[in-house]
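Chemist: Okay, so here is model-v3.pdb, and as you'll see once you scroll down, it has PDB, C-alpha atoms and all ligand atoms.
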```pdb
ATOM      1  CA  CYS A   1       9.039 -11.771  -1.578
ATOM      2  CA  TYR A   2       7.684  -9.219   0.878
ATOM      3  CA  THR A   3       9.383  -7.288   3.650
ATOM      4  CA  PHE A   4       7.270  -5.840   6.431
ATOM      5  CA  ASN A   5       8.946  -2.716   7.794
ATOM      6  CA  THR A   6       7.494  -1.586  11.088
ATOM      7  CA  SER A   7       9.538   1.645  11.281
ATOM      8  CA  PRO A   8       7.101   4.403  10.284
ATOM      9  CA  ARG A   9       8.019   6.432   7.176
ATOM     10  CA  SER A  10       6.277   8.921   4.910
ATOM     11  CA  TRP A  11       5.164   7.357   1.603
ATOM     12  CA  PRO A  12       7.996   8.933  -0.447
ATOM     13  CA  LEU A  13      10.647   7.812   2.052
ATOM     14  CA  ALA A  14       9.107   4.349   2.300
ATOM     15  CA  GLN A  15       9.199   4.002  -1.496
ATOM     16  CA  ALA A  16      12.820   5.240  -1.517
ATOM     17  CA  GLN A  17      13.812   2.717   1.139
ATOM     18  CA  CYS A  18      12.186  -0.159  -0.798
ATOM     19  CA  ARG A  19      14.004   0.946  -3.967
ATOM     20  CA  ALA A  20      17.320   1.113  -2.122
ATOM     21  CA  MET A  21      16.811  -2.579  -1.402
ATOM     22  CA  GLY A  22      16.050  -3.372  -5.035
ATOM     23  CA  GLY A  23      12.266  -3.449  -4.779
ATOM     24  CA  HIS A  24       9.269  -1.158  -4.502
ATOM     25  CA  LEU A  25       6.279  -0.652  -2.243
ATOM     26  CA  VAL A  26       3.934  -3.601  -2.582
ATOM     27  CA  ALA A  27       1.742  -3.733  -5.712
ATOM     28  CA  MET A  28      -1.082  -6.248  -5.486
ATOM     29  CA  GLU A  29      -2.052  -6.856  -9.093
ATOM     30  CA  THR A  30      -4.259  -9.871  -8.419
ATOM     31  CA  GLU A  31      -6.848 -10.781  -5.828
ATOM     32  CA  ASP A  32      -4.703 -13.788  -4.878
ATOM     33  CA  GLU A  33      -1.774 -11.538  -4.067
ATOM     34  CA  TYR A  34      -3.984  -9.156  -2.126
ATOM     35  CA  ASN A  35      -5.372 -12.035  -0.077
ATOM     36  CA  PHE A  36      -1.891 -13.409   0.548
ATOM     37  CA  VAL A  37      -0.640 -10.062   1.851
ATOM     38  CA  ARG A  38      -3.732  -9.593   4.000
ATOM     39  CA  GLN A  39      -3.248 -13.077   5.415
ATOM     40  CA  SER A  40       0.382 -12.298   6.217
ATOM     41  CA  LEU A  41      -0.749  -9.321   8.273
ATOM     42  CA  GLN A  42      -2.855 -11.415  10.615
ATOM     43  CA  ASN A  43       0.187 -12.245  12.746
ATOM     44  CA  THR A  44       1.539 -10.322  15.714
ATOM     45  CA  PRO A  45       2.917  -7.680  15.608
ATOM     46  CA  TYR A  46       1.851  -6.883  12.029
ATOM     47  CA  VAL A  47      -1.848  -7.048  12.808
ATOM     48  CA  ARG A  48      -1.562  -3.919  14.967
ATOM     49  CA  HIS A  49      -0.462  -1.582  12.143
ATOM     50  CA  SER A  50      -1.763   0.019   8.982
ATOM     51  CA  TRP A  51       0.640  -0.230   6.019
ATOM     52  CA  TRP A  52       1.638   1.780   2.992
ATOM     53  CA  THR A  53       1.212   0.133  -0.383
ATOM     54  CA  SER A  54       2.440   1.523  -3.711
ATOM     55  CA  ALA A  55      -1.100   2.662  -4.597
ATOM     56  CA  THR A  56      -1.147   6.344  -5.498
ATOM     57  CA  ASP A  57      -3.124   8.936  -7.449
ATOM     58  CA  MET A  58      -0.505  11.678  -7.049
ATOM     59  CA  ASP A  59       0.033  11.923 -10.832
ATOM     60  CA  ARG A  60      -3.645  12.425 -11.605
ATOM     61  CA  GLU A  61      -6.333  12.871  -8.955
ATOM     62  CA  GLY A  62      -8.731   9.931  -8.848
ATOM     63  CA  SER A  63      -6.620   7.830 -11.233
ATOM     64  CA  TRP A  64      -5.127   5.143  -9.010
ATOM     65  CA  VAL A  65      -2.098   3.129 -10.068
ATOM     66  CA  TRP A  66       0.457   0.835  -8.475
ATOM     67  CA  ALA A  67       3.611   2.944  -8.578
ATOM     68  CA  ALA A  68       6.620   1.181 -10.115
ATOM     69  CA  ALA A  69       4.712  -2.002 -10.992
ATOM     70  CA  ASP A  70       4.993  -3.487 -14.484
ATOM     71  CA  ASP A  71       1.229  -3.361 -14.822
ATOM     72  CA  ARG A  72       0.322  -0.111 -13.118
ATOM     73  CA  SER A  73      -3.429  -0.418 -13.537
ATOM     74  CA  MET A  74      -5.389  -1.165 -10.381
ATOM     75  CA  ASN A  75      -8.277  -3.594 -10.471
ATOM     76  CA  THR A  76     -11.363  -2.623  -8.550
ATOM     77  CA  PHE A  77     -12.278  -5.867  -6.784
ATOM     78  CA  GLY A  78     -12.915  -5.192  -3.110
ATOM     79  CA  PHE A  79      -9.646  -3.420  -2.379
ATOM     80  CA  TRP A  80     -11.209  -0.280  -0.999
ATOM     81  CA  ILE A  81     -13.201   0.365   2.120
ATOM     82  CA  GLU A  82     -16.723   1.459   1.245
ATOM     83  CA  ASN A  83     -16.779   5.188   0.361
ATOM     84  CA  GLU A  84     -13.001   5.212  -0.100
ATOM     85  CA  PRO A  85     -10.873   6.546  -1.692
ATOM     86  CA  ASN A  86     -12.377   9.902  -0.660
ATOM     87  CA  ASP A  87      -9.364  12.242  -1.108
ATOM     88  CA  PHE A  88     -10.223  13.728   2.294
ATOM     89  CA  GLY A  89      -8.178  16.928   2.575
ATOM     90  CA  GLY A  90      -6.014  15.731  -0.333
ATOM     91  CA  GLU A  91      -5.092  12.064   0.055
ATOM     92  CA  HIS A  92      -2.982  10.471  -2.679
ATOM     93  CA  CYS A  93      -1.396   7.346  -1.176
ATOM     94  CA  GLY A  94      -3.051   4.014  -0.358
ATOM     95  CA  ILE A  95      -2.823   2.043   2.887
ATOM     96  CA  LEU A  96      -3.997  -1.345   4.052
ATOM     97  CA  ASP A  97      -6.145  -0.102   6.919
ATOM     98  CA  GLN A  98      -5.763  -2.006  10.165
ATOM     99  CA  ALA A  99      -9.113  -0.688  11.427
ATOM    100  CA  HIS A 100     -10.934  -2.190   8.415
ATOM    101  CA  SER A 101      -9.514  -5.727   8.099
ATOM    102  CA  PHE A 102      -6.757  -4.353   5.837
ATOM    103  CA  ALA A 103      -9.083  -3.108   3.143
ATOM    104  CA  MET A 104      -7.657  -0.025   1.469
ATOM    105  CA  ASN A 105      -7.995   3.660   2.311
ATOM    106  CA  ASP A 106      -6.333   6.733   0.832
ATOM    107  CA  LYS A 107      -4.240   8.805   3.216
ATOM    108  CA  ASN A 108      -2.019  11.862   3.250
ATOM    109  CA  CYS A 109       1.337  10.776   1.782
ATOM    110  CA  SER A 110       3.318  12.597   4.464
ATOM    111  CA  LEU A 111       1.809  10.435   7.195
ATOM    112  CA  LYS A 112       4.462   8.193   8.782
ATOM    113  CA  LEU A 113       3.397   4.539   8.678
ATOM    114  CA  PRO A 114       4.900   1.053   8.499
ATOM    115  CA  PHE A 115       5.250  -0.156   4.924
ATOM    116  CA  ILE A 116       5.509  -3.300   2.818
ATOM    117  CA  CYS A 117       8.311  -3.703   0.291
ATOM    118  CA  GLU A 118       8.035  -6.177  -2.570
ATOM    119  CA  ASN A 119      11.086  -7.555  -4.278
ATOM    120  CA  THR A 120      10.453  -9.191  -7.655
ATOM    121  CA  TYR A 121      13.531 -11.385  -7.406
ATOM    122  CA  GLY A 122      12.887 -13.747  -4.543
TER
HETATM  123 CA    CA B 201      -6.298  11.595  -4.152
HETATM  124 CA    CA B 202      -9.481   8.336   2.721
END
```
What would the structure in this file look like if it were written as structure tokens?
Ligand SMILES: [Ca+2]
Ligand SMILES: [Ca+2]
Modeler:
Amino acid sequence: CYTFNTSPRSWPLAQAQCRAMGGHLVAMETEDEYNFVRQSLQNTPYVRHSWWTSATDMDREGSWVWAAADDRSMNTFGFWIENEPNDFGGEHCGILDQAHSFAMNDKNCSLKLPFICENTYG
């Protein structure tokens, strides 16, 4: 199941908070899951925010993975906004971007944003 946390956190703190609750930042391994999460964000007040996901290239620049997922590889179907990820000024963490219908953008990991936790068990 998913938990939508509207209290803004940096990516590392968001990941730590998800882990403390027995989960991790959301990893959308399939297009179905991606569409489900996007759909869930259409409701007030979620629709007003951008959200951290577990997507990161902090281990190796340009090599995007879902942190802490069983299958870390990221598929390339339509997740990203056109011309993203662009590593603008050093961006290594992926958001669902409210300004772009929740397509993905890379952002500075220290940015404080709402975040989505995923718990495998329930
Ligand atoms: Ca990057
Ligand atoms: Ca970017």
Chemist: So what does the PyMOL selection byres (((chain A and resi 104) around 9) and not hetatm) actually pick up in this one, as number ranges by chain?
Modeler: A: 78-81, 84-85, 94-97, 100-103, 105-106
Chemist: Please produce a file of the residues just selected, as a PDB file, in the frame of the given file, where the atoms kept are C-alpha atoms.
Modeler:
```pdb
ATOM      1  CA  GLY A  78     -12.915  -5.192  -3.110  1.00  0.00           C
ATOM      2  CA  PHE A  79      -9.646  -3.420  -2.379  1.00  0.00           C
ATOM      3  CA  TRP A  80     -11.209  -0.280  -0.999  1.00  0.00           C
ATOM      4  CA  ILE A  81     -13.201   0.365   2.120  1.00  0.00           C
ATOM      5  CA  GLU A  84     -13.001   5.212  -0.100  1.00  0.00           C
ATOM      6  CA  PRO A  85     -10.873   6.546  -1.692  1.00  0.00           C
ATOM      7  CA  GLY A  94      -3.051   4.014  -0.358  1.00  0.00           C
ATOM      8  CA  ILE A  95      -2.823   2.043   2.887  1.00  0.00           C
ATOM      9  CA  LEU A  96      -3.997  -1.345   4.052  1.00  0.00           C
ATOM     10  CA  ASP A  97      -6.145  -0.102   6.919  1.00  0.00           C
ATOM     11  CA  HIS A 100     -10.934  -2.190   8.415  1.00  0.00           C
ATOM     12  CA  SER A 101      -9.514  -5.727   8.099  1.00  0.00           C
ATOM     13  CA  PHE A 102      -6.757  -4.353   5.837  1.00  0.00           C
ATOM     14  CA  ALA A 103      -9.083  -3.108   3.143  1.00  0.00           C
ATOM     15  CA  ASN A 105      -7.995   3.660   2.311  1.00  0.00           C
ATOM     16  CA  ASP A 106      -6.333   6.733   0.832  1.00  0.00           C
TER      17      ASP A 106
END
```
Chemist: Taking the file as shown, find all residues satisfying the PyMOL selection byres (((not hetatm)) within 8 of (chain B and resi 201)) and write them as a VMD selection string.
Modeler: chain A and resid 56 to 58 60 to 62 85 to 88 90 to 93 106
Chemist: Spell out the residues picked by the PyMOL selection byres (((chain A and resi 54) around 9) and not hetatm) here, as a PDB file with C-alpha atoms, in the coordinates of the input.
Modeler:
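Dumped everything to part_12.pdb:
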```pdb
ATOM      1  CA  TRP A  11       5.164   7.357   1.603  1.00  0.00           C
ATOM      2  CA  GLN A  15       9.199   4.002  -1.496  1.00  0.00           C
ATOM      3  CA  HIS A  24       9.269  -1.158  -4.502  1.00  0.00           C
ATOM      4  CA  LEU A  25       6.279  -0.652  -2.243  1.00  0.00           C
ATOM      5  CA  VAL A  26       3.934  -3.601  -2.582  1.00  0.00           C
ATOM      6  CA  ALA A  27       1.742  -3.733  -5.712  1.00  0.00           C
ATOM      7  CA  MET A  28      -1.082  -6.248  -5.486  1.00  0.00           C
ATOM      8  CA  TRP A  52       1.638   1.780   2.992  1.00  0.00           C
ATOM      9  CA  THR A  53       1.212   0.133  -0.383  1.00  0.00           C
ATOM     10  CA  ALA A  55      -1.100   2.662  -4.597  1.00  0.00           C
ATOM     11  CA  THR A  56      -1.147   6.344  -5.498  1.00  0.00           C
ATOM     12  CA  VAL A  65      -2.098   3.129 -10.068  1.00  0.00           C
ATOM     13  CA  TRP A  66       0.457   0.835  -8.475  1.00  0.00           C
ATOM     14  CA  ALA A  67       3.611   2.944  -8.578  1.00  0.00           C
ATOM     15  CA  ALA A  68       6.620   1.181 -10.115  1.00  0.00           C
ATOM     16  CA  ALA A  69       4.712  -2.002 -10.992  1.00  0.00           C
ATOM     17  CA  CYS A  93      -1.396   7.346  -1.176  1.00  0.00           C
ATOM     18  CA  GLY A  94      -3.051   4.014  -0.358  1.00  0.00           C
ATOM     19  CA  ILE A  95      -2.823   2.043   2.887  1.00  0.00           C
ATOM     20  CA  ILE A 116       5.509  -3.300   2.818  1.00  0.00           C
ATOM     21  CA  CYS A 117       8.311  -3.703   0.291  1.00  0.00           C
TER      22      CYS A 117
END
```
Chemist: Any idea what the distance is between CA of Gly22 (chain A) and CA of Phe115 (chain A)?
Modeler: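 The value is 15.0 Å.
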Chemist: Which residue is closest to Thr120 (chain A)? Choose from A:His49, A:Arg38, A:Lys107, A:Arg19 and count only C-alpha atoms.
Modeler: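 Ranking A:His49, A:Arg38, A:Lys107, A:Arg19 by distance to Thr120 (chain A), first place goes to A:Arg19.
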